[in-house]
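Raw contents of start_6.pdb, PDB, C-alpha atoms:
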```pdb
ATOM      1  CA  MET A   1      15.834  17.664 -20.441
ATOM      2  CA  ARG A   2      12.226  18.285 -19.440
ATOM      3  CA  GLY A   3      11.026  19.430 -22.843
ATOM      4  CA  SER A   4      12.884  16.786 -24.863
ATOM      5  CA  ALA A   5      11.709  14.041 -22.555
ATOM      6  CA  ALA A   6       8.121  15.174 -22.870
ATOM      7  CA  ARG A   7       8.265  15.331 -26.664
ATOM      8  CA  GLY A   8       9.640  11.794 -26.844
ATOM      9  CA  ALA A   9       7.207  10.347 -24.342
ATOM     10  CA  HIS A  10       4.655   7.752 -25.339
ATOM     11  CA  GLY A  11       2.744   7.165 -22.130
ATOM     12  CA  ARG A  12       1.873   8.396 -18.673
ATOM     13  CA  TYR A  13       2.792   6.528 -15.514
ATOM     14  CA  VAL A  14       2.383   6.794 -11.764
ATOM     15  CA  ALA A  15       5.137   5.818  -9.339
ATOM     16  CA  LEU A  16       4.157   5.057  -5.755
ATOM     17  CA  ILE A  17       7.070   5.079  -3.297
ATOM     18  CA  ARG A  18       6.426   3.009  -0.200
ATOM     19  CA  GLY A  19       6.981   4.185   3.360
ATOM     20  CA  ILE A  20       8.744   7.515   2.901
ATOM     21  CA  ASN A  21       8.255  10.637   5.030
ATOM     22  CA  VAL A  22       6.474   8.711   7.775
ATOM     23  CA  GLY A  23       7.572  10.479  10.924
ATOM     24  CA  ARG A  24      11.319  11.043  10.686
ATOM     25  CA  ALA A  25      12.023   7.858   8.750
ATOM     26  CA  LYS A  26      13.145   7.835   5.120
ATOM     27  CA  ARG A  27      12.865  11.562   4.530
ATOM     28  CA  ILE A  28      12.786  12.632   0.881
ATOM     29  CA  ALA A  29      11.975  16.133  -0.341
ATOM     30  CA  MET A  30       9.559  16.081  -3.249
ATOM     31  CA  ALA A  31      11.755  18.562  -5.142
ATOM     32  CA  ASP A  32      14.643  16.070  -4.894
ATOM     33  CA  LEU A  33      12.373  13.259  -6.052
ATOM     34  CA  ARG A  34      11.247  15.268  -9.080
ATOM     35  CA  ALA A  35      14.847  16.135  -9.918
ATOM     36  CA  LEU A  36      15.799  12.466  -9.691
ATOM     37  CA  LEU A  37      13.135  11.330 -12.162
ATOM     38  CA  GLU A  38      14.057  14.113 -14.563
ATOM     39  CA  ALA A  39      17.720  13.084 -14.316
ATOM     40  CA  LEU A  40      16.651   9.534 -15.185
ATOM     41  CA  GLY A  41      15.146  10.892 -18.399
ATOM     42  CA  TYR A  42      11.456  10.970 -17.533
ATOM     43  CA  GLY A  43       9.303  13.880 -18.623
ATOM     44  CA  GLU A  44       6.498  16.058 -17.219
ATOM     45  CA  VAL A  45       7.365  14.969 -13.673
ATOM     46  CA  ARG A  46       4.804  16.004 -11.053
ATOM     47  CA  THR A  47       4.497  14.997  -7.399
ATOM     48  CA  LEU A  48       1.387  14.866  -5.225
ATOM     49  CA  LEU A  49       1.431  15.383  -1.456
ATOM     50  CA  ASN A  50       4.538  14.449   0.535
ATOM     51  CA  SER A  51       4.070  10.690   0.589
ATOM     52  CA  GLY A  52       5.851   9.654  -2.592
ATOM     53  CA  ASN A  53       3.342   9.926  -5.437
ATOM     54  CA  VAL A  54       4.821  10.841  -8.815
ATOM     55  CA  VAL A  55       3.211  11.216 -12.227
ATOM     56  CA  PHE A  56       5.548  11.213 -15.226
ATOM     57  CA  THR A  57       5.794  10.405 -18.912
ATOM     58  CA  ALA A  58       8.120   7.904 -20.555
ATOM     59  CA  ALA A  59       8.686   6.002 -23.755
ATOM     60  CA  ALA A  60       6.986   2.620 -23.662
ATOM     61  CA  LYS A  61      10.144   0.486 -23.520
ATOM     62  CA  PRO A  62      11.969   2.415 -20.738
ATOM     63  CA  ALA A  63       8.814   2.329 -18.630
ATOM     64  CA  ARG A  64       9.109  -1.449 -18.291
ATOM     65  CA  ASP A  65      11.977  -1.126 -15.840
ATOM     66  CA  ALA A  66      11.004   2.248 -14.367
ATOM     67  CA  ALA A  67      10.343   0.884 -10.857
ATOM     68  CA  GLY A  68      13.805  -0.677 -10.608
ATOM     69  CA  ARG A  69      15.527   2.382 -12.045
ATOM     70  CA  ILE A  70      13.744   4.718  -9.644
ATOM     71  CA  GLU A  71      14.485   2.448  -6.661
ATOM     72  CA  ARG A  72      18.191   2.386  -7.525
ATOM     73  CA  GLY A  73      18.223   6.125  -8.094
ATOM     74  CA  ILE A  74      16.634   6.811  -4.709
ATOM     75  CA  VAL A  75      19.320   4.717  -2.998
ATOM     76  CA  GLU A  76      22.271   6.078  -4.979
ATOM     77  CA  ARG A  77      21.294   9.761  -5.111
ATOM     78  CA  LEU A  78      19.088  10.273  -2.061
ATOM     79  CA  GLY A  79      20.439   7.644   0.329
ATOM     80  CA  VAL A  80      17.067   6.044   1.046
ATOM     81  CA  SER A  81      15.939   2.471   0.403
ATOM     82  CA  ALA A  82      12.259   2.326  -0.599
ATOM     83  CA  ARG A  83      10.130   0.000  -2.715
ATOM     84  CA  VAL A  84       8.651   1.571  -5.839
ATOM     85  CA  THR A  85       5.533   0.430  -7.674
ATOM     86  CA  VAL A  86       4.747   1.813 -11.126
ATOM     87  CA  LEU A  87       1.324   1.800 -12.784
ATOM     88  CA  SER A  88       0.434   3.046 -16.219
ATOM     89  CA  ALA A  89      -2.179   5.798 -16.258
ATOM     90  CA  LYS A  90      -4.411   3.332 -18.070
ATOM     91  CA  ASP A  91      -4.069   0.789 -15.258
ATOM     92  CA  LEU A  92      -4.769   3.504 -12.694
ATOM     93  CA  ALA A  93      -7.918   4.546 -14.535
ATOM     94  CA  ALA A  94      -9.053   0.921 -14.751
ATOM     95  CA  ALA A  95      -8.518   0.415 -11.015
ATOM     96  CA  ILE A  96     -10.592   3.505 -10.233
ATOM     97  CA  ALA A  97     -13.399   2.504 -12.592
ATOM     98  CA  ALA A  98     -13.599  -1.039 -11.182
ATOM     99  CA  ASN A  99     -13.905  -0.207  -7.473
ATOM    100  CA  PRO A 100     -16.962  -2.123  -6.178
ATOM    101  CA  LEU A 101     -16.818  -0.756  -2.616
ATOM    102  CA  LEU A 102     -17.915   2.815  -3.305
ATOM    103  CA  PRO A 103     -21.545   2.126  -2.318
ATOM    104  CA  VAL A 104     -20.475   1.129   1.219
ATOM    105  CA  ALA A 105     -17.402   3.346   1.679
ATOM    106  CA  THR A 106     -18.889   6.479   3.208
ATOM    107  CA  ASP A 107     -15.520   8.031   4.137
ATOM    108  CA  HIS A 108     -12.963   8.071   1.316
ATOM    109  CA  ALA A 109     -10.125   8.630   3.785
ATOM    110  CA  ARG A 110     -10.857   5.119   5.116
ATOM    111  CA  LEU A 111     -11.135   3.493   1.705
ATOM    112  CA  LEU A 112      -7.713   2.142   0.740
ATOM    113  CA  VAL A 113      -6.425   0.944  -2.597
ATOM    114  CA  ALA A 114      -3.566  -1.483  -1.984
ATOM    115  CA  VAL A 115      -1.479  -1.580  -5.165
ATOM    116  CA  LEU A 116       0.483  -4.784  -5.738
ATOM    117  CA  ASN A 117       4.119  -4.437  -6.728
ATOM    118  CA  ARG A 118       3.812  -7.641  -8.752
ATOM    119  CA  PRO A 119       0.456  -8.671 -10.277
ATOM    120  CA  ALA A 120       1.259 -12.326  -9.502
ATOM    121  CA  ASP A 121       1.044 -11.527  -5.769
ATOM    122  CA  ARG A 122      -2.722 -11.298  -6.132
ATOM    123  CA  ALA A 123      -2.853 -15.013  -5.325
ATOM    124  CA  ARG A 124      -1.417 -14.276  -1.870
ATOM    125  CA  VAL A 125      -4.486 -12.282  -0.824
ATOM    126  CA  GLU A 126      -7.240 -14.177  -2.604
ATOM    127  CA  ALA A 127      -7.987 -16.196   0.540
ATOM    128  CA  LEU A 128      -8.362 -12.983   2.543
ATOM    129  CA  ALA A 129     -10.920 -11.659   0.067
ATOM    130  CA  GLY A 130     -13.134 -14.660   0.749
ATOM    131  CA  ARG A 131     -13.360 -14.016   4.504
ATOM    132  CA  ASP A 132     -15.981 -12.075   6.406
ATOM    133  CA  TRP A 133     -14.386  -8.858   7.683
ATOM    134  CA  ALA A 134     -17.578  -7.062   8.780
ATOM    135  CA  PRO A 135     -17.888  -4.174   9.331
ATOM    136  CA  GLU A 136     -14.896  -3.961   6.982
ATOM    137  CA  SER A 137     -14.953  -5.098   3.361
ATOM    138  CA  MET A 138     -12.432  -6.273   0.776
ATOM    139  CA  ALA A 139     -12.522  -6.769  -2.977
ATOM    140  CA  LEU A 140      -9.851  -7.636  -5.526
ATOM    141  CA  GLY A 141      -9.030  -6.056  -8.857
ATOM    142  CA  ASP A 142      -6.435  -7.126 -11.401
ATOM    143  CA  ARG A 143      -3.557  -5.266  -9.767
ATOM    144  CA  VAL A 144      -5.103  -3.881  -6.593
ATOM    145  CA  ALA A 145      -7.056  -4.777  -3.477
ATOM    146  CA  TYR A 146      -9.808  -2.448  -2.279
ATOM    147  CA  LEU A 147     -10.054  -2.192   1.508
ATOM    148  CA  TRP A 148     -12.919  -0.499   3.335
ATOM    149  CA  CYS A 149     -11.587   0.185   6.827
ATOM    150  CA  ALA A 150     -14.840   1.158   8.508
ATOM    151  CA  ASP A 151     -13.363   1.922  11.944
ATOM    152  CA  GLY A 152     -10.219   3.649  10.685
ATOM    153  CA  ILE A 153      -7.017   2.528   9.033
ATOM    154  CA  LEU A 154      -4.857   2.313  12.162
ATOM    155  CA  ASP A 155      -7.329  -0.056  13.855
ATOM    156  CA  SER A 156      -8.116  -2.090  10.737
ATOM    157  CA  ARG A 157      -7.754  -5.860  11.049
ATOM    158  CA  LEU A 158      -8.134  -6.099   7.289
ATOM    159  CA  ALA A 159      -5.341  -3.660   6.436
ATOM    160  CA  THR A 160      -3.074  -5.410   8.922
ATOM    161  CA  ALA A 161      -3.798  -8.826   7.385
ATOM    162  CA  VAL A 162      -3.110  -7.604   3.852
ATOM    163  CA  GLY A 163       0.120  -5.985   5.005
ATOM    164  CA  ARG A 164       1.275  -9.200   6.634
ATOM    165  CA  ALA A 165       0.435 -11.248   3.539
ATOM    166  CA  LEU A 166       2.285  -8.984   1.111
ATOM    167  CA  GLY A 167       4.994  -7.260   3.164
ATOM    168  CA  ASP A 168       6.780  -4.602   1.132
ATOM    169  CA  GLY A 169       5.164  -5.988  -2.019
ATOM    170  CA  VAL A 170       2.226  -3.626  -1.587
ATOM    171  CA  THR A 171       1.767   0.091  -1.120
ATOM    172  CA  SER A 172      -1.542   1.688  -0.222
ATOM    173  CA  ARG A 173      -3.169   5.039  -0.894
ATOM    174  CA  ASN A 174      -6.574   6.235   0.207
ATOM    175  CA  TRP A 175      -9.303   6.819  -2.353
ATOM    176  CA  THR A 176      -8.984  10.594  -2.249
ATOM    177  CA  THR A 177      -5.299  10.390  -3.174
ATOM    178  CA  MET A 178      -5.984   7.921  -5.972
ATOM    179  CA  ILE A 179      -8.592  10.241  -7.487
ATOM    180  CA  LYS A 180      -6.148  13.156  -7.298
ATOM    181  CA  LEU A 181      -3.440  11.066  -8.989
ATOM    182  CA  HIS A 182      -5.867  10.136 -11.746
ATOM    183  CA  ALA A 183      -6.690  13.798 -12.304
ATOM    184  CA  LEU A 184      -3.003  14.765 -12.277
ATOM    185  CA  ALA A 185      -2.196  12.068 -14.830
ATOM    186  CA  GLY A 186      -4.924  13.487 -17.043
ATOM    187  CA  ALA A 187      -3.474  16.988 -16.719
ATOM    188  CA  VAL A 188      -0.043  15.676 -17.699
ATOM    189  CA  GLU A 189      -1.557  14.024 -20.762
ATOM    190  CA  SER A 190      -3.147  17.292 -21.868
ATOM    191  CA  ARG A 191       0.124  19.161 -21.385
ATOM    192  CA  THR A 192       2.059  16.513 -23.330
ATOM    193  CA  ILE A 193      -0.382  16.719 -26.232
ATOM    194  CA  ARG A 194       0.000  20.491 -26.344
ATOM    195  CA  HIS A 195       3.783  20.079 -26.498
ATOM    196  CA  ALA A 196       3.455  17.588 -29.333
ATOM    197  CA  VAL A 197       1.384  19.961 -31.479
ATOM    198  CA  GLY A 198       3.556  22.968 -30.673
ATOM    199  CA  GLY A 199       1.302  24.622 -28.117
ATOM    200  CA  ARG A 200       2.081  25.835 -24.606
TER     201      ARG A 200
END
```

Please go through the file and, once you have read it, give me the structure as C-alpha cells.
Amino acid sequence: MRGSAARGAHGRYVALIRGINVGRAKRIAMADLRALLEALGYGEVRTLLNSGNVVFTAAAKPARDAAGRIERGIVERLGVSARVTVLSAKDLAAAIAANPLLPVATDHARLLVAVLNRPADRARVEALAGRDWAPESMALGDRVAYLWCADGILDSRLATAVGRALGDGVTSRNWTTMIKLHALAGAVESRTIRHAVGGR
C-alpha cells in the first residue's frame, strides 16, 4: 500500500486535526492515525508531534475531499470526532513566506498561525484584523490568520476573539510547528521523487 500510493501520488498535503490529545480528551495515537491515512490510500504518511499534524501524498483529485474522508475515518475507525483541515504543501509554503509578523514576534512559541477550514471564513475575521490589539498583533493571509500573542497564548485576548469568531472552523499551530511541518513536507517530496526514479 505505502509504496504503490507513493508512486501514484501527485502532490504533498498537510492535515491538521483539531483538538486531539489535549489532556485526556479525544486521545488518538499517532501510529493509529498514520495507519488510518495509509488505509485510506494516502502515501508517505508522516506525523509530527502528538497534536494531530500529518504530512502525506495523494493524487490531485482524491486530495479535494481528503479532509472529509479523514474526518469520517477518524470517527469510524478511531471513535473520535475531530475537525480536519487540509492544506497543500504549496499553500503551506505560501503561508510561511507571507508572514508579516516575524519582525515583532520575538518568541515563536507565542506566534500562532490560525488555519481556516474554509477560505471563505476569512471574511469573519477581517473586522478583527482592523482593531488595535497592542501589545498583540494580527495579520491576515489568504487562508490563515497570523496572531502574535505577546503575553502568552492562554492569556491572549486576540486568540480568544479569533476562536469565538470561527469556532471549530479554525485550527492553530505555533510558528515552530509550522516550520517543522514545512520541512517535513519537503522531506516527503524528496523521498517521493527518489521512489519515482527508482531510488531508495

Need to verify the contact set: Asn117 (chain A), 8 Å, all atoms listed in the file, exclusion of same-chain residues closer than 5 positions in sequence. Can you return it as JSON, numbers by chain? {"A": [84, 85, 86, 169, 170, 171]}

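For the choices A:Arg110, A:Arg46, A:Arg24, A:Arg164, the atom-to-atom distance to Trp148 (chain A) is smallest for A:Arg110 when using only C-alpha atoms.
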
What do you get, as a PyMOL selection string, if you spell out every residue that the PyMOL selection byres ((chain A and resi 30) around 12) selects here? chain A and resi 17+20-21+27-29+31-37+45-54+74+78

Would you write out, as an MDAnalysis selection string, every residue that the PyMOL selection byres ((chain A and resi 165) around 12) captures in this file? chainID A and resid 114 116 121:129 158:164 166:170

Please produce a file of the residues just selected, as a short mmCIF file (atom, residue, chain, number, x, y, z; two decimals), keeping the file's coordinate frame, where the atoms kept are C-alpha atoms.
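New file selection-v1.cif:
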```cif
data_model
loop_
_atom_site.label_atom_id
_atom_site.label_comp_id
_atom_site.auth_asym_id
_atom_site.auth_seq_id
_atom_site.Cartn_x
_atom_site.Cartn_y
_atom_site.Cartn_z
CA ALA A 114 -3.57 -1.48 -1.98
CA LEU A 116 0.48 -4.78 -5.74
CA ASP A 121 1.04 -11.53 -5.77
CA ARG A 122 -2.72 -11.30 -6.13
CA ALA A 123 -2.85 -15.01 -5.32
CA ARG A 124 -1.42 -14.28 -1.87
CA VAL A 125 -4.49 -12.28 -0.82
CA GLU A 126 -7.24 -14.18 -2.60
CA ALA A 127 -7.99 -16.20 0.54
CA LEU A 128 -8.36 -12.98 2.54
CA ALA A 129 -10.92 -11.66 0.07
CA LEU A 158 -8.13 -6.10 7.29
CA ALA A 159 -5.34 -3.66 6.44
CA THR A 160 -3.07 -5.41 8.92
CA ALA A 161 -3.80 -8.83 7.38
CA VAL A 162 -3.11 -7.60 3.85
CA GLY A 163 0.12 -5.98 5.00
CA ARG A 164 1.27 -9.20 6.63
CA LEU A 166 2.28 -8.98 1.11
CA GLY A 167 4.99 -7.26 3.16
CA ASP A 168 6.78 -4.60 1.13
CA GLY A 169 5.16 -5.99 -2.02
CA VAL A 170 2.23 -3.63 -1.59
#
```

Can you turn the PyMOL selection byres ((chain A and resi 113) around 7) into a concrete residue list for this file, as a PDB file with C-alpha atoms, in the coordinates of the input?
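Contents of the output file expr.pdb:
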```pdb
ATOM      1  CA  LEU A 111     -11.135   3.493   1.705  1.00  0.00           C
ATOM      2  CA  LEU A 112      -7.713   2.142   0.740  1.00  0.00           C
ATOM      3  CA  ALA A 114      -3.566  -1.483  -1.984  1.00  0.00           C
ATOM      4  CA  VAL A 115      -1.479  -1.580  -5.165  1.00  0.00           C
ATOM      5  CA  VAL A 144      -5.103  -3.881  -6.593  1.00  0.00           C
ATOM      6  CA  ALA A 145      -7.056  -4.777  -3.477  1.00  0.00           C
ATOM      7  CA  TYR A 146      -9.808  -2.448  -2.279  1.00  0.00           C
ATOM      8  CA  LEU A 147     -10.054  -2.192   1.508  1.00  0.00           C
ATOM      9  CA  SER A 172      -1.542   1.688  -0.222  1.00  0.00           C
ATOM     10  CA  ARG A 173      -3.169   5.039  -0.894  1.00  0.00           C
ATOM     11  CA  ASN A 174      -6.574   6.235   0.207  1.00  0.00           C
ATOM     12  CA  TRP A 175      -9.303   6.819  -2.353  1.00  0.00           C
TER      13      TRP A 175
END
```

Give me region 5-30 of chain A with N, CA, C and O atoms filled in, as a PDB file, in the frame of the given file.
```
ATOM      1  N   ALA A   5      12.299  15.266 -23.080  1.00  0.00           N
ATOM      2  CA  ALA A   5      11.709  14.041 -22.555  1.00  0.00           C
ATOM      3  C   ALA A   5      10.227  14.009 -22.837  1.00  0.00           C
ATOM      4  O   ALA A   5       9.660  12.978 -23.204  1.00  0.00           O
ATOM      5  N   ALA A   6       9.566  15.139 -22.654  1.00  0.00           N
ATOM      6  CA  ALA A   6       8.121  15.174 -22.870  1.00  0.00           C
ATOM      7  C   ALA A   6       7.786  14.925 -24.327  1.00  0.00           C
ATOM      8  O   ALA A   6       6.841  14.208 -24.641  1.00  0.00           O
ATOM      9  N   ARG A   7       8.572  15.517 -25.251  1.00  0.00           N
ATOM     10  CA  ARG A   7       8.265  15.331 -26.664  1.00  0.00           C
ATOM     11  C   ARG A   7       8.452  13.889 -27.096  1.00  0.00           C
ATOM     12  O   ARG A   7       7.776  13.404 -27.985  1.00  0.00           O
ATOM     13  N   GLY A   8       9.397  13.175 -26.442  1.00  0.00           N
ATOM     14  CA  GLY A   8       9.640  11.794 -26.844  1.00  0.00           C
ATOM     15  C   GLY A   8       8.801  10.784 -26.086  1.00  0.00           C
ATOM     16  O   GLY A   8       8.944   9.595 -26.298  1.00  0.00           O
ATOM     17  N   ALA A   9       7.947  11.261 -25.187  1.00  0.00           N
ATOM     18  CA  ALA A   9       7.207  10.347 -24.342  1.00  0.00           C
ATOM     19  C   ALA A   9       6.055   9.705 -25.101  1.00  0.00           C
ATOM     20  O   ALA A   9       5.483  10.294 -26.006  1.00  0.00           O
ATOM     21  N   HIS A  10       5.741   8.492 -24.697  1.00  0.00           N
ATOM     22  CA  HIS A  10       4.655   7.752 -25.339  1.00  0.00           C
ATOM     23  C   HIS A  10       3.558   7.348 -24.356  1.00  0.00           C
ATOM     24  O   HIS A  10       2.562   6.796 -24.775  1.00  0.00           O
ATOM     25  N   GLY A  11       3.764   7.578 -23.087  1.00  0.00           N
ATOM     26  CA  GLY A  11       2.744   7.165 -22.130  1.00  0.00           C
ATOM     27  C   GLY A  11       2.927   7.841 -20.785  1.00  0.00           C
ATOM     28  O   GLY A  11       3.995   8.364 -20.476  1.00  0.00           O
ATOM     29  N   ARG A  12       1.861   7.821 -20.015  1.00  0.00           N
ATOM     30  CA  ARG A  12       1.873   8.396 -18.673  1.00  0.00           C
ATOM     31  C   ARG A  12       1.899   7.282 -17.642  1.00  0.00           C
ATOM     32  O   ARG A  12       1.273   6.238 -17.807  1.00  0.00           O
ATOM     33  N   TYR A  13       2.615   7.536 -16.551  1.00  0.00           N
ATOM     34  CA  TYR A  13       2.792   6.528 -15.514  1.00  0.00           C
ATOM     35  C   TYR A  13       2.717   7.175 -14.139  1.00  0.00           C
ATOM     36  O   TYR A  13       2.925   8.384 -13.989  1.00  0.00           O
ATOM     37  N   VAL A  14       2.431   6.349 -13.152  1.00  0.00           N
ATOM     38  CA  VAL A  14       2.383   6.794 -11.764  1.00  0.00           C
ATOM     39  C   VAL A  14       3.323   5.916 -10.959  1.00  0.00           C
ATOM     40  O   VAL A  14       3.229   4.681 -11.008  1.00  0.00           O
ATOM     41  N   ALA A  15       4.245   6.538 -10.242  1.00  0.00           N
ATOM     42  CA  ALA A  15       5.137   5.818  -9.339  1.00  0.00           C
ATOM     43  C   ALA A  15       4.685   6.063  -7.910  1.00  0.00           C
ATOM     44  O   ALA A  15       4.460   7.212  -7.507  1.00  0.00           O
ATOM     45  N   LEU A  16       4.543   4.992  -7.156  1.00  0.00           N
ATOM     46  CA  LEU A  16       4.157   5.057  -5.755  1.00  0.00           C
ATOM     47  C   LEU A  16       5.339   4.568  -4.929  1.00  0.00           C
ATOM     48  O   LEU A  16       5.733   3.406  -5.041  1.00  0.00           O
ATOM     49  N   ILE A  17       5.922   5.450  -4.122  1.00  0.00           N
ATOM     50  CA  ILE A  17       7.070   5.079  -3.297  1.00  0.00           C
ATOM     51  C   ILE A  17       6.552   4.712  -1.920  1.00  0.00           C
ATOM     52  O   ILE A  17       5.799   5.460  -1.296  1.00  0.00           O
ATOM     53  N   ARG A  18       6.961   3.560  -1.449  1.00  0.00           N
ATOM     54  CA  ARG A  18       6.426   3.009  -0.200  1.00  0.00           C
ATOM     55  C   ARG A  18       7.195   3.527   1.026  1.00  0.00           C
ATOM     56  O   ARG A  18       8.426   3.500   1.055  1.00  0.00           O
ATOM     57  N   GLY A  19       6.437   3.975   2.022  1.00  0.00           N
ATOM     58  CA  GLY A  19       6.981   4.185   3.360  1.00  0.00           C
ATOM     59  C   GLY A  19       7.919   5.353   3.550  1.00  0.00           C
ATOM     60  O   GLY A  19       8.709   5.348   4.508  1.00  0.00           O
ATOM     61  N   ILE A  20       7.864   6.365   2.685  1.00  0.00           N
ATOM     62  CA  ILE A  20       8.744   7.515   2.901  1.00  0.00           C
ATOM     63  C   ILE A  20       8.005   8.634   3.627  1.00  0.00           C
ATOM     64  O   ILE A  20       6.780   8.708   3.594  1.00  0.00           O
ATOM     65  N   ASN A  21       8.787   9.469   4.315  1.00  0.00           N
ATOM     66  CA  ASN A  21       8.255  10.637   5.030  1.00  0.00           C
ATOM     67  C   ASN A  21       7.177  10.275   6.041  1.00  0.00           C
ATOM     68  O   ASN A  21       6.210  11.007   6.235  1.00  0.00           O
ATOM     69  N   VAL A  22       7.355   9.118   6.685  1.00  0.00           N
ATOM     70  CA  VAL A  22       6.474   8.711   7.775  1.00  0.00           C
ATOM     71  C   VAL A  22       7.230   9.013   9.069  1.00  0.00           C
ATOM     72  O   VAL A  22       8.188   8.339   9.409  1.00  0.00           O
ATOM     73  N   GLY A  23       6.788  10.027   9.774  1.00  0.00           N
ATOM     74  CA  GLY A  23       7.572  10.479  10.924  1.00  0.00           C
ATOM     75  C   GLY A  23       8.909  11.016  10.433  1.00  0.00           C
ATOM     76  O   GLY A  23       8.981  11.765   9.465  1.00  0.00           O
ATOM     77  N   ARG A  24       9.981  10.592  11.081  1.00  0.00           N
ATOM     78  CA  ARG A  24      11.319  11.043  10.686  1.00  0.00           C
ATOM     79  C   ARG A  24      12.038  10.025   9.813  1.00  0.00           C
ATOM     80  O   ARG A  24      13.193  10.239   9.420  1.00  0.00           O
ATOM     81  N   ALA A  25      11.373   8.930   9.511  1.00  0.00           N
ATOM     82  CA  ALA A  25      12.023   7.858   8.750  1.00  0.00           C
ATOM     83  C   ALA A  25      11.988   8.134   7.252  1.00  0.00           C
ATOM     84  O   ALA A  25      11.017   8.672   6.723  1.00  0.00           O
ATOM     85  N   LYS A  26      13.069   7.797   6.588  1.00  0.00           N
ATOM     86  CA  LYS A  26      13.145   7.835   5.120  1.00  0.00           C
ATOM     87  C   LYS A  26      12.655   9.170   4.558  1.00  0.00           C
ATOM     88  O   LYS A  26      11.728   9.224   3.756  1.00  0.00           O
ATOM     89  N   ARG A  27      13.285  10.240   4.968  1.00  0.00           N
ATOM     90  CA  ARG A  27      12.865  11.562   4.530  1.00  0.00           C
ATOM     91  C   ARG A  27      13.356  11.849   3.116  1.00  0.00           C
ATOM     92  O   ARG A  27      14.542  11.706   2.808  1.00  0.00           O
ATOM     93  N   ILE A  28      12.450  12.244   2.246  1.00  0.00           N
ATOM     94  CA  ILE A  28      12.786  12.632   0.881  1.00  0.00           C
ATOM     95  C   ILE A  28      11.985  13.883   0.533  1.00  0.00           C
ATOM     96  O   ILE A  28      10.749  13.885   0.638  1.00  0.00           O
ATOM     97  N   ALA A  29      12.672  14.927   0.118  1.00  0.00           N
ATOM     98  CA  ALA A  29      11.975  16.133  -0.341  1.00  0.00           C
ATOM     99  C   ALA A  29      11.412  15.873  -1.731  1.00  0.00           C
ATOM    100  O   ALA A  29      12.062  15.248  -2.573  1.00  0.00           O
ATOM    101  N   MET A  30      10.192  16.328  -1.961  1.00  0.00           N
ATOM    102  CA  MET A  30       9.559  16.081  -3.249  1.00  0.00           C
ATOM    103  C   MET A  30      10.312  16.769  -4.391  1.00  0.00           C
ATOM    104  O   MET A  30      10.352  16.261  -5.518  1.00  0.00           O
TER     105      MET A  30
END
```
